[in-house]
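Visitor: Here you go, this is target_29.txt (compact mmCIF, C-alpha atoms and all ligand atoms).
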```txt
# COMPACT_ATOMS: atom_id res chain seq x y z
CA MET A 1 -6.28 1.50 21.28
CA ALA A 2 -3.62 1.44 18.61
CA LEU A 3 -0.13 2.34 19.65
CA SER A 4 2.12 4.11 17.21
CA LEU A 5 5.51 2.79 18.25
CA TYR A 6 6.76 2.95 14.72
CA GLN A 7 8.88 6.00 13.91
CA LYS A 8 8.85 7.28 10.37
CA PRO A 9 12.17 7.91 8.66
CA LYS A 10 12.95 11.61 9.03
CA PHE A 11 14.46 12.15 5.64
CA GLU A 12 13.16 13.46 2.38
CA GLN A 13 10.39 11.34 0.91
CA SER A 14 9.78 11.04 -2.79
CA ASP A 15 6.54 12.81 -1.93
CA GLY A 16 5.18 14.24 1.26
CA SER A 17 1.87 12.47 1.35
CA PHE A 18 2.53 9.13 3.02
CA THR A 19 5.12 10.45 5.44
CA ASN A 20 2.92 9.84 8.44
CA THR A 21 1.15 6.70 7.27
CA ARG A 22 2.31 3.56 8.98
CA PHE A 23 0.89 0.91 6.69
CA VAL A 24 -0.28 1.26 3.10
CA ILE A 25 -2.23 -1.81 2.03
CA GLY A 26 -3.40 -2.57 -1.48
CA ILE A 27 -6.77 -4.30 -1.73
CA ALA A 28 -6.71 -6.04 -5.07
CA ALA A 29 -8.21 -8.86 -7.07
CA GLY A 30 -7.26 -8.36 -10.68
CA LYS A 31 -10.95 -8.31 -11.54
CA GLY A 32 -14.09 -6.39 -10.67
CA GLY A 33 -17.22 -7.38 -8.83
CA VAL A 34 -15.59 -9.65 -6.26
CA GLY A 35 -16.16 -7.19 -3.42
CA LYS A 36 -12.86 -5.29 -3.12
CA SER A 37 -14.53 -2.00 -2.27
CA THR A 38 -17.02 -3.62 0.09
CA VAL A 39 -14.20 -5.38 1.91
CA ALA A 40 -11.99 -2.25 1.97
CA VAL A 41 -14.77 -0.17 3.51
CA ASN A 42 -15.72 -2.73 6.15
CA LEU A 43 -12.11 -3.44 7.11
CA ALA A 44 -11.54 0.30 7.43
CA LEU A 45 -14.58 0.61 9.69
CA ALA A 46 -13.53 -2.42 11.75
CA LEU A 47 -9.99 -1.08 12.25
CA GLN A 48 -11.36 2.31 13.15
CA LEU A 49 -13.43 0.65 15.89
CA GLN A 50 -10.21 -0.88 17.18
CA GLY A 51 -8.76 2.62 17.59
CA TYR A 52 -6.77 3.00 14.40
CA GLN A 53 -6.73 6.05 12.13
CA VAL A 54 -7.72 4.82 8.70
CA GLY A 55 -7.93 6.18 5.15
CA ILE A 56 -9.05 4.79 1.79
CA LEU A 57 -7.68 5.82 -1.56
CA ASP A 58 -10.19 4.77 -4.19
CA ALA A 59 -7.94 4.10 -7.15
CA ASP A 60 -10.71 2.74 -9.33
CA LEU A 61 -11.03 5.68 -11.72
CA TYR A 62 -13.43 3.91 -14.06
CA GLY A 63 -15.82 2.50 -11.46
CA PRO A 64 -15.31 4.32 -8.17
CA SER A 65 -17.66 3.10 -5.45
CA ILE A 66 -16.03 3.99 -2.12
CA ARG A 67 -17.77 7.36 -1.92
CA LYS A 68 -21.16 5.71 -2.26
CA MET A 69 -20.36 3.04 0.32
CA LEU A 70 -19.21 5.42 3.06
CA PRO A 71 -21.61 7.70 4.89
CA GLU A 72 -21.22 10.99 3.08
CA ASN A 73 -20.73 13.99 5.28
CA ASP A 74 -17.72 15.71 3.82
CA ILE A 75 -15.89 16.44 0.59
CA PRO A 76 -12.18 16.93 -0.15
CA THR A 77 -10.85 20.49 -0.10
CA GLU A 78 -7.78 22.15 -1.51
CA ARG A 79 -6.31 24.09 1.41
CA GLU A 80 -3.05 24.91 -0.31
CA LYS A 81 -2.30 24.82 -3.99
CA ASN A 82 -1.96 21.20 -5.14
CA ARG A 83 -2.53 19.85 -1.65
CA LEU A 84 -5.82 18.01 -1.16
CA GLN A 85 -7.42 17.36 2.20
CA PRO A 86 -9.31 14.07 1.91
CA ALA A 87 -13.00 13.89 2.75
CA LEU A 88 -13.66 12.73 6.29
CA CYS A 89 -16.54 10.25 6.22
CA ASN A 90 -17.45 8.79 9.60
CA GLY A 91 -13.87 9.38 10.71
CA ILE A 92 -12.42 7.64 7.63
CA LYS A 93 -10.35 9.82 5.34
CA THR A 94 -11.03 9.17 1.72
CA ILE A 95 -10.25 10.38 -1.74
CA SER A 96 -11.86 9.26 -4.97
CA ILE A 97 -12.25 10.50 -8.53
CA SER A 98 -16.00 10.56 -7.88
CA TYR A 99 -15.59 13.77 -5.89
CA PHE A 100 -14.30 15.53 -8.96
CA ARG A 101 -16.72 14.32 -11.60
CA LYS A 102 -20.45 14.59 -12.12
CA LYS A 103 -22.21 11.34 -11.23
CA GLU A 104 -23.81 10.93 -14.65
CA HIS A 105 -20.57 11.44 -16.58
CA ALA A 106 -19.03 8.30 -18.00
CA ALA A 107 -15.45 7.68 -16.96
CA THR A 108 -13.77 8.23 -20.29
CA ILE A 109 -10.23 8.88 -19.17
CA ARG A 110 -7.34 8.10 -21.46
CA ALA A 111 -4.64 5.90 -19.96
CA PRO A 112 -1.87 8.54 -19.68
CA ILE A 113 -4.27 10.94 -17.94
CA ALA A 114 -5.47 8.15 -15.66
CA ASN A 115 -1.87 7.51 -14.71
CA GLN A 116 -1.29 11.18 -13.97
CA LEU A 117 -4.42 11.27 -11.83
CA ILE A 118 -3.30 8.27 -9.81
CA THR A 119 0.15 9.80 -9.35
CA TYR A 120 -1.52 13.03 -8.27
CA PHE A 121 -3.57 11.14 -5.68
CA ILE A 122 -0.44 9.41 -4.40
CA ASN A 123 1.63 12.60 -4.17
CA ASN A 124 -0.77 15.40 -3.36
CA VAL A 125 -3.21 14.20 -0.74
CA ASP A 126 -2.50 15.30 2.79
CA TRP A 127 -3.53 12.22 4.77
CA GLY A 128 -2.12 13.55 8.04
CA GLU A 129 -1.40 10.87 10.64
CA LEU A 130 -2.73 7.48 9.58
CA ASP A 131 -2.20 3.97 10.86
CA PHE A 132 -3.68 2.32 7.77
CA LEU A 133 -4.26 3.53 4.27
CA PHE A 134 -6.14 1.09 2.07
CA ILE A 135 -5.71 1.49 -1.65
CA ASP A 136 -8.71 0.03 -3.44
CA PHE A 137 -7.09 -1.21 -6.66
CA PRO A 138 -8.93 -1.04 -9.96
CA PRO A 139 -9.60 -4.34 -11.78
CA GLY A 140 -6.95 -5.55 -14.21
CA THR A 141 -3.18 -5.68 -14.20
CA GLY A 142 -2.26 -2.80 -16.48
CA ASP A 143 -0.45 0.47 -16.33
CA ILE A 144 -2.43 2.06 -13.49
CA GLN A 145 -2.02 -0.99 -11.27
CA LEU A 146 1.71 -1.01 -11.97
CA THR A 147 1.99 2.71 -11.17
CA LEU A 148 0.19 2.14 -7.88
CA ALA A 149 2.36 -0.82 -7.02
CA GLN A 150 5.57 1.03 -7.86
CA LYS A 151 4.78 4.43 -6.43
CA GLY A 152 2.24 3.68 -3.73
CA HIS A 153 4.75 2.83 -0.95
CA LEU A 154 2.78 -0.35 -0.29
CA THR A 155 3.50 -2.32 2.84
CA GLY A 156 1.76 -5.25 1.22
CA ALA A 157 -1.31 -6.39 -0.65
CA VAL A 158 -4.40 -8.24 0.48
CA MET A 159 -6.00 -10.24 -2.31
CA ILE A 160 -9.75 -10.64 -2.56
CA THR A 161 -11.14 -13.62 -4.37
CA THR A 162 -14.39 -15.46 -4.77
CA PRO A 163 -14.22 -19.25 -4.42
CA GLN A 164 -14.56 -20.33 -8.06
CA GLU A 165 -11.67 -21.36 -10.30
CA VAL A 166 -12.27 -18.65 -12.92
CA ALA A 167 -11.87 -15.89 -10.30
CA LEU A 168 -8.52 -17.35 -9.25
CA LEU A 169 -7.06 -16.85 -12.74
CA ASP A 170 -7.27 -13.06 -12.47
CA VAL A 171 -6.18 -12.98 -8.85
CA ARG A 172 -3.09 -15.01 -9.74
CA LYS A 173 -2.18 -12.42 -12.39
CA ALA A 174 -2.55 -9.61 -9.87
CA ILE A 175 -0.40 -11.54 -7.37
CA GLU A 176 2.25 -11.91 -10.06
CA LEU A 177 2.25 -8.14 -10.62
CA PHE A 178 2.87 -7.49 -6.91
CA LYS A 179 5.60 -10.10 -6.77
CA GLN A 180 7.37 -8.53 -9.74
CA VAL A 181 7.75 -5.32 -7.78
CA ASN A 182 8.63 -7.04 -4.50
CA ILE A 183 5.42 -6.27 -2.66
CA PRO A 184 4.52 -8.98 -0.18
CA ILE A 185 1.15 -10.67 -0.36
CA LEU A 186 -0.07 -10.33 3.20
CA GLY A 187 -2.96 -12.73 2.82
CA ILE A 188 -6.14 -13.75 1.04
CA ILE A 189 -9.75 -12.94 1.80
CA GLU A 190 -12.39 -15.11 0.22
CA ASN A 191 -15.59 -13.16 -0.37
CA MET A 192 -19.03 -14.55 -1.24
CA SER A 193 -17.87 -17.88 0.15
CA TYR A 194 -21.31 -19.26 1.01
CA PHE A 195 -24.88 -18.31 1.66
CA GLU A 196 -26.37 -19.23 5.00
CA GLU A 197 -29.92 -20.43 5.27
CA GLY A 198 -30.59 -21.13 8.93
CA GLU A 199 -27.96 -23.67 9.97
CA LYS A 200 -27.22 -24.71 6.41
CA LYS A 201 -24.43 -23.25 4.28
CA HIS A 202 -24.84 -23.21 0.51
CA TYR A 203 -21.58 -22.96 -1.41
CA LEU A 204 -23.01 -21.22 -4.46
CA PHE A 205 -19.68 -20.58 -6.18
CA GLY A 206 -17.90 -23.76 -5.17
CA GLN A 207 -15.37 -24.17 -2.41
CA GLY A 208 -11.68 -23.94 -1.71
CA GLY A 209 -10.49 -21.08 -3.95
CA GLY A 210 -9.23 -18.86 -1.12
CA ARG A 211 -7.49 -21.75 0.64
CA LEU A 212 -5.81 -22.82 -2.59
CA LEU A 213 -4.44 -19.31 -3.23
CA SER A 214 -3.16 -19.04 0.32
CA THR A 215 -1.35 -22.37 -0.01
CA GLU A 216 0.11 -21.44 -3.39
CA ASN A 217 1.45 -18.17 -2.03
CA HIS A 218 2.43 -19.30 1.48
CA CYS A 219 0.28 -16.64 3.05
CA PRO A 220 -2.69 -16.79 5.41
CA LEU A 221 -6.32 -17.05 4.42
CA PHE A 222 -7.50 -14.15 6.57
CA GLY A 223 -11.12 -15.20 6.41
CA GLN A 224 -14.22 -16.13 4.45
CA ILE A 225 -17.07 -13.68 4.08
CA PRO A 226 -20.54 -15.02 3.34
CA ILE A 227 -22.91 -13.60 0.76
CA HIS A 228 -25.24 -11.51 2.83
CA PRO A 229 -27.90 -9.16 1.45
CA PHE A 230 -27.29 -6.87 4.43
CA LEU A 231 -23.75 -6.18 3.22
CA GLY A 232 -25.03 -5.13 -0.18
CA LEU A 233 -27.76 -3.03 1.42
CA CYS A 234 -25.35 -1.15 3.70
CA ALA A 235 -22.97 -0.61 0.76
CA ASP A 236 -25.79 0.79 -1.38
CA GLN A 237 -27.01 3.12 1.34
CA GLY A 238 -23.63 4.23 2.63
CA GLN A 239 -24.25 2.75 6.07
CA SER A 240 -21.86 1.05 8.41
CA ILE A 241 -22.69 -2.56 9.31
CA PHE A 242 -21.05 -1.80 12.65
CA ALA A 243 -23.55 0.92 13.47
CA GLU A 244 -26.74 -0.81 12.39
CA GLU A 245 -28.87 -2.52 15.01
CA LYS A 246 -30.06 -5.14 12.55
CA SER A 247 -26.53 -6.17 11.51
CA PRO A 248 -25.96 -9.91 11.79
CA PRO A 249 -23.44 -10.40 14.65
CA THR A 250 -21.58 -13.13 12.75
CA LEU A 251 -20.88 -10.73 9.89
CA ILE A 252 -19.50 -8.13 12.29
CA GLU A 253 -17.33 -10.73 13.99
CA ILE A 254 -15.96 -11.95 10.66
CA PHE A 255 -14.83 -8.45 9.62
CA LYS A 256 -13.42 -7.66 13.08
CA GLU A 257 -11.45 -10.89 13.06
CA ILE A 258 -10.04 -10.30 9.56
CA ALA A 259 -9.13 -6.71 10.46
CA SER A 260 -7.29 -7.89 13.60
CA GLN A 261 -5.39 -10.48 11.61
CA ILE A 262 -4.27 -7.91 9.05
CA ALA A 263 -3.19 -5.50 11.79
CA LYS A 264 -1.24 -8.26 13.53
CA SER A 265 0.40 -9.35 10.32
CA VAL A 266 1.70 -5.89 9.40
CA GLU A 267 2.64 -4.91 12.95
CA GLY A 268 4.62 -8.15 13.20
CA GLU A 269 6.30 -7.61 9.85
CA ASP A 270 7.14 -4.08 10.80
CA LYS A 271 9.02 -5.12 13.90
CA LYS A 272 10.86 -7.88 12.05
CA ASN A 273 11.90 -5.76 9.10
CA LEU A 274 15.12 -3.88 8.97
CA GLY A 275 14.26 -0.20 8.64
CA ILE A 276 15.65 3.26 9.10
CA PHE A 277 14.89 5.09 12.30
CA GLU A 278 16.68 8.25 11.23
CA LEU A 279 18.71 9.34 8.24
CA ILE A 280 20.83 12.47 8.62
CA TRP A 281 22.15 14.13 5.52
CA GLU A 282 22.89 17.61 4.28
CA LYS A 283 23.21 18.55 0.66
CA SER A 284 26.68 20.05 1.17
CA ASN A 285 28.03 16.88 2.84
CA THR A 286 29.88 14.00 1.24
CA VAL A 287 28.56 11.57 3.86
CA PHE A 288 25.21 10.64 5.35
CA SER A 289 24.45 8.68 8.47
CA ILE A 290 21.76 6.17 9.26
CA GLU A 291 20.42 5.10 12.60
CA TRP A 292 18.75 1.75 11.95
CA ASN A 293 15.70 0.59 13.84
CA ASP A 294 17.90 -1.95 15.63
CA HIS A 295 19.76 1.15 16.94
CA LEU A 296 22.99 0.60 15.05
CA SER A 297 24.36 3.92 13.69
CA GLN A 298 26.48 3.95 10.56
CA ASN A 299 28.12 6.63 8.40
CA PHE A 300 28.19 6.23 4.63
CA SER A 301 30.55 7.99 2.27
CA LEU A 302 28.57 9.00 -0.82
CA CYS A 303 31.59 8.35 -3.00
CA ASP A 304 31.83 4.74 -1.76
CA VAL A 305 28.08 4.28 -1.99
CA GLN A 306 28.12 5.39 -5.61
CA ARG A 307 31.07 3.10 -6.35
CA ASN A 308 28.74 0.29 -5.35
CA CYS A 309 25.70 1.59 -7.19
CA PRO A 310 23.58 -1.40 -8.28
CA CYS A 311 21.71 0.36 -11.14
CA ALA A 312 21.65 -0.99 -14.70
CA ASN A 313 23.88 1.88 -15.92
CA CYS A 314 26.58 0.93 -13.42
CA VAL A 315 26.33 -2.87 -13.45
CA ASP A 316 25.89 -5.19 -16.44
CA GLU A 317 22.67 -7.05 -15.69
CA ASN A 318 23.83 -10.23 -17.41
CA THR A 319 27.41 -10.55 -16.21
CA GLY A 320 27.10 -8.66 -12.92
CA LYS A 321 30.29 -6.77 -13.85
CA ARG A 322 30.66 -3.11 -12.96
CA ILE A 323 30.60 -1.09 -16.17
CA ALA A 324 30.47 2.53 -15.03
CA PRO A 325 31.54 4.98 -14.00
CA ALA A 326 35.27 4.50 -14.23
CA THR A 327 36.15 7.18 -11.71
CA ILE A 328 34.04 8.78 -9.06
CA HIS A 329 35.25 11.96 -7.44
CA GLU A 330 35.74 11.96 -3.71
CA ASP A 331 33.53 15.02 -3.37
CA VAL A 332 30.46 13.51 -5.01
CA ARG A 333 27.35 14.56 -3.09
CA ALA A 334 23.64 13.78 -3.14
CA ILE A 335 21.01 16.06 -4.59
CA VAL A 336 18.14 13.98 -3.24
CA ILE A 337 17.90 10.94 -1.01
CA ARG A 338 14.44 9.46 -1.07
CA ASN A 339 12.90 6.38 0.44
CA VAL A 340 11.68 3.56 -1.77
CA GLY A 341 8.75 1.68 -0.30
CA ARG A 342 9.76 0.35 3.07
CA TYR A 343 12.85 -1.47 1.92
CA GLY A 344 15.38 0.95 0.52
CA ILE A 345 16.59 4.37 -0.53
CA GLN A 346 17.33 5.93 -3.88
CA ILE A 347 20.08 8.51 -4.28
CA GLN A 348 20.42 11.14 -6.95
CA PHE A 349 24.14 11.93 -7.08
CA THR A 350 25.70 15.18 -8.27
CA SER A 351 27.57 13.02 -10.80
CA GLY A 352 24.30 12.35 -12.64
CA CYS A 353 23.73 8.76 -11.48
CA SER A 354 20.20 8.60 -10.09
CA LYS A 355 18.70 5.18 -10.80
CA GLY A 356 20.28 3.04 -8.11
CA ILE A 357 18.01 1.63 -5.42
CA TYR A 358 19.91 0.65 -2.31
CA HIS A 359 18.05 -1.97 -0.32
CA PHE A 360 18.59 -1.63 3.42
CA ASP A 361 20.13 -5.11 3.45
CA TYR A 362 22.55 -4.03 0.71
CA LEU A 363 23.67 -0.96 2.66
CA ARG A 364 24.30 -3.11 5.72
CA PHE A 365 26.15 -5.61 3.55
CA LEU A 366 28.39 -2.83 2.15
CA LYS A 367 29.28 -1.80 5.67
CA GLU A 368 29.87 -5.34 6.83
CA LYS A 369 32.26 -5.95 3.90
CA LYS A 370 33.92 -2.58 4.53
CA LEU A 371 33.03 -1.50 1.01
CA CYS A 372 31.94 1.90 2.22
P1 LIG A 401 -15.43 -4.63 -6.56
O1 LIG A 401 -14.89 -3.48 -5.76
O2 LIG A 401 -14.54 -5.84 -6.50
O3 LIG A 401 -15.78 -4.26 -7.96
P2 LIG A 401 -17.80 -4.30 -4.94
O4 LIG A 401 -17.29 -4.20 -3.57
O5 LIG A 401 -18.22 -3.05 -5.65
O6 LIG A 401 -16.79 -5.12 -5.87
O7 LIG A 401 -19.01 -5.33 -4.88
C1 LIG A 401 -19.79 -5.64 -6.02
C2 LIG A 401 -21.24 -5.80 -5.58
O8 LIG A 401 -21.36 -6.95 -4.78
C3 LIG A 401 -21.74 -4.64 -4.75
O9 LIG A 401 -23.08 -4.39 -5.09
C4 LIG A 401 -21.65 -5.15 -3.31
O10 LIG A 401 -22.62 -4.57 -2.49
C5 LIG A 401 -21.91 -6.63 -3.50
N1 LIG A 401 -21.24 -7.49 -2.51
C6 LIG A 401 -19.92 -7.58 -2.30
N2 LIG A 401 -19.66 -8.51 -1.37
C7 LIG A 401 -20.84 -9.00 -0.97
C8 LIG A 401 -21.25 -10.01 -0.03
N3 LIG A 401 -20.35 -10.69 0.68
N4 LIG A 401 -22.57 -10.24 0.11
C9 LIG A 401 -23.47 -9.57 -0.62
N5 LIG A 401 -23.16 -8.62 -1.52
C10 LIG A 401 -21.87 -8.35 -1.70
```
Please lay out the structure from this file as structure tokens.
Guide:
Amino acid sequence: MALSLYQKPKFEQSDGSFTNTRFVIGIAAGKGGVGKSTVAVNLALALQLQGYQVGILDADLYGPSIRKMLPENDIPTEREKNRLQPALCNGIKTISISYFRKKEHAATIRAPIANQLITYFINNVDWGELDFLFIDFPPGTGDIQLTLAQKGHLTGAVMITTPQEVALLDVRKAIELFKQVNIPILGIIENMSYFEEGEKKHYLFGQGGGRLLSTENHCPLFGQIPIHPFLGLCADQGQSIFAEEKSPPTLIEIFKEIASQIAKSVEGEDKKNLGIFELIWEKSNTVFSIEWNDHLSQNFSLCDVQRNCPCANCVDENTGKRIAPATIHEDVRAIVIRNVGRYGIQIQFTSGCSKGIYHFDYLRFLKEKKLC
């Protein structure tokens, strides 16, 4: 069974929805049809079998397929205003645009609305306690993908590719997008790697794509999934390969193994990473204190923290010289302190400065150098 040793930071989040989710993992490829949704669903089912609480956010507004792939026995509900309870399908919590639109209606959603919808899904779904939330990314590397990457509190991304060279081009673009916003690539999964006929493997789409991407990005190749009609069949009928008697055992083993590797990779990262165990702060105070997950406790004066604000309004990006503000009053306070992903906090000061993101390492550095 999964153990939840990880403690969530007990301070104000930019939204309330992921407060109790340990790991948010983007499943992405940069293109469609490579099996992102199929892989997301089967990894979710495999992790659930290992005792984890799992959810899937289907972020593909134009071609949502998660609802169809999961056994349907529930729909989302709005228990409080603007607070959605996800559907619970075979124990997996899920949300998708398909619950809010008639099946036959084409997905004609203008980009700004699509962005608002995604932000709504990120901020207003009550996932409860989750170990893993998979975000099934839409194809492409545009605005929606960037919104998800920036606002989705991602622990990391798992890239899905097929073996051929042309698939790699799009995956590389998607990897670039994640790197630009400092989201680690946890690993690669190669789907549709081969087709098995008895003992013989046929490499219909060539070989080596997944391995090449993993080498290029210094991350593991979590596994290779064969083309198997049974996978497509289960996806079409909303059945779990783990519950079907006729499921090929090798297929089940492959998904279980990949799921275990992903769990190990994020659990390991989580222990290694510097993080906040507790942040104590009151709006009327000019200081806040942090207890780090290595148990060090430190007090921070908000005035000193703002003096070292790293935002573009305070520091010239080209020269690195501090440009503003000239004076900061001793009694500057914070209106909001919110977490940013799993690596930092953002502070909105009463002085008006609100853009600075303080990486945990930077806060520790400020203390070490006695700058605050
Ligand atoms: P994406 O989310 O990347 O658009 P999907 O998961 O919807 O891709 O998969 C596209 C189609 O390919 C679906 O019909 C799915 O059932 C099928 N499929 C995906 N992976 C496999 C596989 N390994 N073997 C057989 N069919 C697969």
Visitor: Could you list, as a ChimeraX atom specification, every residue within 7 Å of region 139-151 of chain A, counting all atoms listed in the file and ignoring same-chain residues fewer than 4 positions away?
Guide: /A:29-32,115,174,177-178,181
Visitor: Could you take the residues named above and write them with C-alpha atoms, as a PDB file, keeping the file's coordinate frame?
Guide:
```
ATOM      1  CA  ALA A  29      -8.210  -8.860  -7.070  1.00  0.00           C
ATOM      2  CA  GLY A  30      -7.260  -8.360 -10.680  1.00  0.00           C
ATOM      3  CA  LYS A  31     -10.950  -8.310 -11.540  1.00  0.00           C
ATOM      4  CA  GLY A  32     -14.090  -6.390 -10.670  1.00  0.00           C
ATOM      5  CA  ASN A 115      -1.870   7.510 -14.710  1.00  0.00           C
ATOM      6  CA  ALA A 174      -2.550  -9.610  -9.870  1.00  0.00           C
ATOM      7  CA  LEU A 177       2.250  -8.140 -10.620  1.00  0.00           C
ATOM      8  CA  PHE A 178       2.870  -7.490  -6.910  1.00  0.00           C
ATOM      9  CA  VAL A 181       7.750  -5.320  -7.780  1.00  0.00           C
TER      10      VAL A 181
END
```
Visitor: Show me, as JSON, the centre and edge lengths in Å to one decimal of the axis-aligned box that covers every listed atom of ligand LIG 401 (chain A) with 4 Å on each side.
Guide:
```
{"center_x": -19.0, "center_y": -6.9, "center_z": -3.6, "size_x": 16.9, "size_y": 15.6, "size_z": 16.6}
```
Visitor: Give the answer as one residue: which of A:Tyr343, A:Phe230, A:Phe349, A:Trp127 has the shortest atom-to-atom distance to ligand LIG 401 (chain A), using all atoms listed in the file?
Guide: A:Phe230
Visitor: So which residues are near ligand LIG 401 (chain A), meaning at most 6 Å away with all atoms listed in the file counted, given back as a ChimeraX atom specification?
Guide: /A:32-38,191-192,225-229,231-232,235
Visitor: Quick one: pull the distance between CA of Ala46 (chain A) and CA of Gly206 (chain A), Å, one decimal.
Guide: 27.6 Å
Visitor: Rounded to one decimal, what separation in Å do you get between CA of Ala263 (chain A) and CA of Tyr120 (chain A)?
Guide: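 So the two atoms, CA of Ala263 (chain A) and CA of Tyr120 (chain A), lie 27.4 Å apart.
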Visitor: In Å to one decimal, how far is CA of Gln207 (chain A) from CA of Leu233 (chain A)?
Guide: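 Value for the CA of Leu233 (chain A)-CA of Gln207 (chain A) distance: 24.8 Å.
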